[in-house]
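Asker: Next up is a structure, given as structure tokens.
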Amino acid sequence: MSRAYLGLGTNMGDRLDYLNKACDLLEQNENVLSLKKSNLYETKAWGYTEQADFLNMCVEIETSLAPYDLLSICQDIENKLDRVRVIRWGPRTIDVDVLFYDDIVSDDEKLLIPHPRIKERAFVLVPLMDLNKGLSIDGKTIEAYLEHLSQEERDEVKEFRL
């Protein structure tokens, strides 16, 4: 059994509903045996900033899926939840990214593991910390990467309460 970490984000429509539906679709997959959720966080848009705030979370799964099969499942969930790619880093109903998969490092065009921008994104690092502070990239923990970001970047990630 493999352990993977996924990042989920949304900033269109009923954001909470999109996150819940994405988690439900993951849990319904017969090859996903457990799912642990981080807290929810609200953040300003990153990259293309002329858009609504995001709700973000991470999930930890145990799966029998191979990395590329997991990527395919993530893309299928995005399609089922009407994800449309128009503007890079633009508005989206749902984004489901493979962040880590066991200790695999992959740098081909289709699948980059660990996800290449984790180290610079507080909105990914903070929910990952809820799940596993010991995750590391290039021998450095995600906690160290988070501490390296500015206080302003860290403060922009606000826990979302229902």
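Ligands are numbered from 1 in the order shown, residues from 1 within each chain, and chains are lettered A, B, ... in the order they appear in the structure tokens.
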Contacts of stretch 143-151 of chain A at 12 Å or less, counting only C-alpha atoms, minus same-chain residues fewer than 6 places along, as a PyMOL selection string?
Answerer: chain A and resi 117-137+157
Asker: Report the closest atom pair, with its distance in Å rounded to one decimal, for each residue of stretch 53-157 of chain A that has an atom no farther than 12 Å from stretch 20-33 of chain A; count only C-alpha atoms, sort by chain and then rising residue number, and write it as a Markdown table.
Answerer:
```
| residue | atom | partner | partner_atom | distance |
| --- | --- | --- | --- | --- |
| A:Leu55 | CA | A:Asn20 | CA | 11.3 |
| A:Asn56 | CA | A:Asn20 | CA | 11.5 |
| A:Met57 | CA | A:Cys23 | CA | 10.3 |
| A:Cys58 | CA | A:Cys23 | CA | 10.0 |
| A:Val59 | CA | A:Cys23 | CA | 8.3 |
| A:Glu60 | CA | A:Val32 | CA | 10.2 |
| A:Ile61 | CA | A:Val32 | CA | 6.6 |
| A:Glu62 | CA | A:Leu33 | CA | 5.5 |
| A:Thr63 | CA | A:Val32 | CA | 4.5 |
| A:Ser64 | CA | A:Asn31 | CA | 5.3 |
| A:Leu65 | CA | A:Asn31 | CA | 6.0 |
| A:Ala66 | CA | A:Asn31 | CA | 9.8 |
| A:Asp69 | CA | A:Asn31 | CA | 10.1 |
| A:Leu70 | CA | A:Asn31 | CA | 9.3 |
| A:Leu71 | CA | A:Leu26 | CA | 11.7 |
| A:Ser72 | CA | A:Leu26 | CA | 11.8 |
| A:Ile73 | CA | A:Leu26 | CA | 8.1 |
| A:Cys74 | CA | A:Leu26 | CA | 8.2 |
| A:Gln75 | CA | A:Ala22 | CA | 10.8 |
| A:Asp76 | CA | A:Leu25 | CA | 9.6 |
| A:Ile77 | CA | A:Ala22 | CA | 6.3 |
| A:Glu78 | CA | A:Ala22 | CA | 7.9 |
| A:Asn79 | CA | A:Ala22 | CA | 10.6 |
| A:Lys80 | CA | A:Ala22 | CA | 9.0 |
| A:Leu81 | CA | A:Ala22 | CA | 7.7 |
| A:Asp82 | CA | A:Ala22 | CA | 11.3 |
| A:Arg83 | CA | A:Ala22 | CA | 11.5 |
| A:Thr93 | CA | A:Ala22 | CA | 10.2 |
| A:Ile94 | CA | A:Ala22 | CA | 7.8 |
| A:Asp95 | CA | A:Ala22 | CA | 9.1 |
| A:Val96 | CA | A:Ala22 | CA | 8.1 |
| A:Asp97 | CA | A:Ala22 | CA | 11.6 |
```
Asker: Tell me which protein, DNA and RNA residues are within 8 Å of A:Val98, counting only C-alpha atoms, leaving out same-chain ones fewer than 6 positions away, and put them as a list in words.
Answerer: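 Counting only C-alpha atoms, the residues come to Ala4, Tyr5, Leu6, Gly7, Leu70, Leu71, Cys74, Ile113, Pro114 and His115 of chain A.
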Asker: Give me a file of those residues, with C-alpha atoms, as a compact mmCIF listing (two decimals), in the first residue's frame.
Answerer:
```txt
# COMPACT_ATOMS: atom_id res chain seq x y z
CA ALA A 4 0.08 9.89 -1.14
CA TYR A 5 -0.71 13.50 -0.33
CA LEU A 6 -3.02 15.56 -2.51
CA GLY A 7 -3.69 19.29 -2.55
CA LEU A 70 -3.63 8.35 -9.20
CA LEU A 71 -2.94 11.35 -11.43
CA CYS A 74 -7.33 13.31 -9.86
CA ILE A 113 6.63 14.53 -7.58
CA PRO A 114 7.07 16.14 -5.14
CA HIS A 115 4.96 18.89 -6.65
```
Asker: Please identify which residues in stretch 29-129 of chain A DSSP calls strand (DSSP E or B) from the backbone, and express them as a PyMOL selection string.
Answerer: chain A and resi 32-37+41-43+54-63+95-101+106-107+112-113
Asker: Closest to A:Phe160 among A:Lys110, A:Tyr101, A:Tyr68, A:Glu42, using only C-alpha atoms?
Answerer: A:Glu42
Asker: Return the single residue from A:Met1, A:Leu16, A:Ala52, A:Val105 that is closest to A:Arg92, with distances computed using only C-alpha atoms.
Answerer: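 Between A:Met1, A:Leu16, A:Ala52, A:Val105, the residue approaching A:Arg92 most closely is A:Ala52.
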Asker: So which bits of stretch 52-137 of chain A end up alpha helix (DSSP H) when you DSSP the backbone, as a VMD selection string?
Answerer: chain A and resid 67 to 80 122 to 131
Asker: Store the residues picked out above, limited to C-alpha atoms, as a PDB file, in the first residue's frame.
Answerer:
```pdb
ATOM      1  CA  PRO A  67       1.344   7.271  -9.380  1.00  0.00           C
ATOM      2  CA  TYR A  68       0.116   7.784 -12.957  1.00  0.00           C
ATOM      3  CA  ASP A  69      -3.164   6.046 -12.184  1.00  0.00           C
ATOM      4  CA  LEU A  70      -3.628   8.353  -9.196  1.00  0.00           C
ATOM      5  CA  LEU A  71      -2.945  11.350 -11.431  1.00  0.00           C
ATOM      6  CA  SER A  72      -5.598  10.060 -13.829  1.00  0.00           C
ATOM      7  CA  ILE A  73      -8.112   9.737 -10.963  1.00  0.00           C
ATOM      8  CA  CYS A  74      -7.333  13.314  -9.863  1.00  0.00           C
ATOM      9  CA  GLN A  75      -7.875  14.615 -13.398  1.00  0.00           C
ATOM     10  CA  ASP A  76     -11.094  12.605 -13.684  1.00  0.00           C
ATOM     11  CA  ILE A  77     -12.383  14.218 -10.468  1.00  0.00           C
ATOM     12  CA  GLU A  78     -11.554  17.654 -11.874  1.00  0.00           C
ATOM     13  CA  ASN A  79     -13.466  16.812 -15.062  1.00  0.00           C
ATOM     14  CA  LYS A  80     -16.478  15.461 -13.147  1.00  0.00           C
ATOM     15  CA  ALA A 122       2.072  28.552   2.285  1.00  0.00           C
ATOM     16  CA  PHE A 123      -1.447  27.563   1.228  1.00  0.00           C
ATOM     17  CA  VAL A 124      -0.096  24.056   0.528  1.00  0.00           C
ATOM     18  CA  LEU A 125       2.476  23.819   3.324  1.00  0.00           C
ATOM     19  CA  VAL A 126       0.075  24.809   6.116  1.00  0.00           C
ATOM     20  CA  PRO A 127      -2.540  22.099   5.421  1.00  0.00           C
ATOM     21  CA  LEU A 128       0.221  19.549   4.778  1.00  0.00           C
ATOM     22  CA  MET A 129       1.539  20.351   8.260  1.00  0.00           C
ATOM     23  CA  ASP A 130      -1.846  19.263   9.663  1.00  0.00           C
ATOM     24  CA  LEU A 131      -1.228  15.821   8.188  1.00  0.00           C
TER      25      LEU A 131
END
```
Asker: Could you check how far atom CA of A:Leu112 sits from atom CA of A:Ser38, in Å to one decimal?
Answerer: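 Result for atom CA of A:Leu112 versus atom CA of A:Ser38: 22.1 Å, one decimal.
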Asker: One number please: atom CA of A:Asp53 to atom CA of A:Asn11, in Å, one decimal.
Answerer: 5.8 Å
